[in-house]
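Engineer: Just passing along the structure, written as structure tokens.
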Amino acid sequence: MEKTIFIVEKMFEGERVDKYLSIIVEGKSRSYLQGLITKGNILINGKEVKSNHKLKDLDEIKIIIPEPIELKVDSEDIPLNVLYEDSDVIVVNKKRGMVVHPAPGNYNGTLVNALLFYCSDLSTINGVVRPGIVHRIDKDTTGILVVAKNDEAHNFLSNQLRNHSMKREYYALVEGRIKEDKGTIDKPLGRNKKDRLKIGIVEDGRHAITHYEVIERYKNTTLVKCVLETGRTHQIRVHMSSIGHPLLGDSLYGLKKQKFKLDGQMLHARILGFIHPTSKEFIEFTSDLPEDYKELLEKLRKEVI
């Protein structure tokens with residue numbers, strides 16, 4: 001167990017404790033520090049506080065960092081499509097049907113299980129069930145993810161996600177023929193108040209922006225490129241559904257009656273670009289569409305318009 005004490009300087013008076021610590025404490029994300037606050041591992045003048053607690057001059061902050069919990073997620077010999085790897089990151093091309101990290105109902109067969117077998121070095125910031133995981137894509141969404149191999153790389157990549165400088169482009173196959181060649185959807189997202197399993201457009205939700213551009217039109221469907229300005233849960237799926245063009249194969253937000261028998265929504269994380277944690281150079285990766293996606297496009301091209 002590691003204990004650290006900080007004395008707040010006057011220049012930080014009035015600052016939220018979680019924001020202050022994210023500046024002062026090196027190698028720990030704001031979300032990790034918020035978790036410590038919730039668990040009572042961060043004390044101000046000997047008392048537990050909340051993350052939004054405002055600091056005063058000369059406050060004493062004690063941080064108690066517990067010993068790492070022994071990892072209990074099993075490693076599994078599951079093939080991975082690794083596009084790139086170095087001492088800081090692994091860039092993988094995720095297949096359809098694979099959950100990114102263990103969660104209730106999915107403790108095996110996840111990307112994390114496969115990563116634990118593949119390598120021994122993964123960042124620890126996101127805890128025992130999400131080692132290395134900087135961002136996620138849905139179970140039935142295919143395409144590129146970057147995984148962090150150490151905490152420094154994890155923080156560096158997470159900052160790019162927060163400031164929206166990470167490049168993320170998706171190909172989505174949606175219902176209906178979109179008339180305009182491009183557009184922007186700026187609608188806040190949050191938990192659907194009637195169905196907690198869903199994300200919805202809610203007034204007090206988190207800011208969310210999706211830019212889309214038509215790639216190809218078919219008889220009753222459209223292939224679009226979606227560029228994320230923000231990265232909210234189910235963002236593309238909810239945003240496209242909100243303008244009357246839900247994704248093909250989307251059982252949660254799409255049409256109840258599907259024309260094609262699909263194993264999930266037709267969404268592919270095609271391009272991922274980011275500044276490398278060590279070299280500080282921008283690098284970009286592209287993933288080809290999976291075979292089932294290509295086969296469906298060929299069928300659509302043969303339909304008479």
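Going by the structure tokens order, chains are called A, B, ..., each with residues numbered from 1, while ligands are numbered from 1 in the order shown.
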Tell me, as a VMD selection string, which residues lie within 9 Å of Thr184 of chain A, counting only C-alpha atoms; anything in the same chain fewer than 4 positions away does not count.
Structural biologist: chain A and resid 209 to 213
Engineer: If you count only C-alpha atoms, which residues fall within 8 Å of Ser165 of chain A, apart from same-chain ones fewer than 4 positions away, as number ranges by chain?
Structural biologist: A: 160-161, 274
Engineer: Write out as an NGL selection string the residues lying within 9 Å of Ser123 of chain A, counting only C-alpha atoms and excluding same-chain residues fewer than 2 positions away.
Structural biologist: :A and (121 or 125-127 or 130-133 or 147-154)
Engineer: Could you tell me, as a list in words, which residues of segment 157-253 of chain A DSSP assigns to alpha helix (DSSP H) when given the backbone?
Structural biologist: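 In segment 157-253 of chain A, DSSP puts these residues in alpha helix (DSSP H): Leu157, Ser158, Asn159, Gln160, Leu161, Arg162, Gln235, Ile236, Arg237, Val238, His239, Met240, Ser241 and Ser242 of chain A.
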Engineer: Keeping N, CA and C atoms, export the residues of the selection given above as a compact mmCIF listing (two decimals), in the first residue's frame.
Structural biologist:
```txt
# COMPACT_ATOMS: atom_id res chain seq x y z
N LEU A 157 -2.86 8.15 -24.58
CA LEU A 157 -3.93 7.84 -25.55
C LEU A 157 -5.29 8.31 -25.04
N SER A 158 -5.53 8.14 -23.74
CA SER A 158 -6.80 8.57 -23.16
C SER A 158 -7.00 10.07 -23.30
N ASN A 159 -5.91 10.83 -23.16
CA ASN A 159 -6.00 12.28 -23.33
C ASN A 159 -6.42 12.64 -24.75
N GLN A 160 -5.95 11.88 -25.73
CA GLN A 160 -6.34 12.13 -27.11
C GLN A 160 -7.82 11.84 -27.32
N LEU A 161 -8.32 10.82 -26.64
CA LEU A 161 -9.77 10.54 -26.72
C LEU A 161 -10.56 11.69 -26.11
N ARG A 162 -10.09 12.20 -24.99
CA ARG A 162 -10.80 13.26 -24.30
C ARG A 162 -10.82 14.56 -25.10
N GLN A 235 -22.88 5.44 -30.01
CA GLN A 235 -23.13 6.76 -30.62
C GLN A 235 -23.62 6.69 -32.06
N ILE A 236 -22.90 5.98 -32.92
CA ILE A 236 -23.29 5.92 -34.34
C ILE A 236 -24.64 5.24 -34.49
N ARG A 237 -24.85 4.16 -33.75
CA ARG A 237 -26.09 3.40 -33.86
C ARG A 237 -27.29 4.25 -33.48
N VAL A 238 -27.18 5.01 -32.39
CA VAL A 238 -28.30 5.84 -31.92
C VAL A 238 -28.47 7.07 -32.82
N HIS A 239 -27.37 7.70 -33.17
CA HIS A 239 -27.46 8.90 -34.01
C HIS A 239 -28.08 8.60 -35.38
N MET A 240 -27.63 7.54 -36.04
CA MET A 240 -28.18 7.22 -37.35
C MET A 240 -29.64 6.81 -37.25
N SER A 241 -29.99 6.09 -36.20
CA SER A 241 -31.39 5.72 -35.99
C SER A 241 -32.26 6.95 -35.75
N SER A 242 -31.69 7.97 -35.10
CA SER A 242 -32.45 9.17 -34.76
C SER A 242 -32.83 10.00 -35.99
```
Engineer: Excluding Asp59 of chain A and any residue of its chain fewer than 4 positions from it, enumerate the residues within 12 Å of it, using only C-alpha atoms, and give them as a PyMOL selection string.
Structural biologist: chain A and resi 5-10+12-15+17+43-47+53-55
Engineer: For Lys225 of chain A, please output as a list of chain:residue names all residues within 9 Å (counting only C-alpha atoms; exclusion window: fewer than 3 positions along the same chain).
Structural biologist: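 Close residues of Lys225 of chain A: A:Glu169, A:Tyr170, A:Tyr171, A:Ala172, A:Leu173, A:His211, A:Tyr212, A:Glu213, A:Val214, A:Ile215.
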Engineer: How far is it from atom CA of Tyr84 of chain A to atom CA of Leu297 of chain A, in Å with one decimal?
Structural biologist: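 Separation between atom CA of Tyr84 of chain A and atom CA of Leu297 of chain A: 28.0 Å.
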Engineer: Give me the residues near segment 204-206 of chain A as a list in words, where near means some atom within 9 Å (using only C-alpha atoms) and where sequence neighbours in that chain fewer than 6 positions away do not count.
Structural biologist: Lys187, Pro188, Leu189, Gly190, Arg191 and Arg232 of chain A
Engineer: Kindly save the residues from that selection, with C-alpha atoms included, as a PDB file, in the first residue's frame.
Structural biologist:
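As a result, out_28.pdb now contains:
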```
ATOM      1  CA  LYS A 187     -27.554  15.307 -30.296  1.00  0.00           C
ATOM      2  CA  PRO A 188     -26.809  14.590 -26.603  1.00  0.00           C
ATOM      3  CA  LEU A 189     -26.800  10.956 -25.525  1.00  0.00           C
ATOM      4  CA  GLY A 190     -27.680   9.278 -22.238  1.00  0.00           C
ATOM      5  CA  ARG A 191     -29.452   6.268 -20.788  1.00  0.00           C
ATOM      6  CA  ARG A 232     -20.162   7.869 -26.589  1.00  0.00           C
TER       7      ARG A 232
END
```
Engineer: For the interface of segment 125-169 of chain A with segment 77-83 of chain A (cut-off 12 Å, counting only C-alpha atoms), please tabulate each contacting residue of segment 125-169 of chain A alongside its nearest pair of atoms and their separation in Å to one decimal, rows sorted by chain and increasing number, as a Markdown table.
Structural biologist:
```
| residue | atom | partner | partner_atom | distance |
| --- | --- | --- | --- | --- |
| A:Thr142 | CA | A:Asn81 | CA | 11.5 |
| A:Gly143 | CA | A:Asn81 | CA | 10.0 |
| A:Ile144 | CA | A:Leu83 | CA | 8.6 |
| A:Leu145 | CA | A:Leu83 | CA | 9.7 |
| A:Val146 | CA | A:Leu83 | CA | 9.7 |
| A:Val147 | CA | A:Val82 | CA | 10.6 |
```
Engineer: If you measure from atom CA of Val91 of chain A to atom CA of Asp288 of chain A, what distance in Å do you get, rounded to one decimal?
Structural biologist: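 Computed distance, atom CA of Val91 of chain A to atom CA of Asp288 of chain A, equals 14.2 Å.
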Engineer: A:Leu300, A:Ile90, A:Ala269, A:Val128: which is nearest Leu115 of chain A, counting only C-alpha atoms?
Structural biologist: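 Smallest distance to Leu115 of chain A is found for A:Ile90.
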Engineer: Between atom CA of Lys56 of chain A and atom CA of Leu36 of chain A, what is the distance in Å, rounded to a tenth?
Structural biologist: 20.0 Å
Engineer: I want to know what sits within 7 Å of Val129 of chain A, based on only C-alpha atoms, with residues of the same chain fewer than 4 positions away left out; could you give that as a PyMOL selection string?
Structural biologist: chain A and resi 73+101-102
Engineer: Which residue out of A:Phe156, A:Thr141, A:Val202, A:Asp195 has the minimum interatomic distance to Tyr293 of chain A when only C-alpha atoms are used?
Structural biologist: A:Thr141
Engineer: Which residue, A:Asn155, A:Thr286, A:Thr110, A:Ser29, has the smallest gap to Asn93 of chain A when you use only C-alpha atoms?
Structural biologist: A:Thr286
Engineer: Rank nothing, just name the residue among A:Cys119, A:Leu248, A:Thr221, A:Phe282 nearest to Glu85 of chain A, using only C-alpha atoms.
Structural biologist: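 Using only C-alpha atoms, the shortest distance to Glu85 of chain A belongs to A:Cys119.
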Engineer: Considering only strand (DSSP E) as DSSP defines it on the backbone, what residues of segment 21-113 of chain A qualify? List them as a count of residues only.
Structural biologist: 21
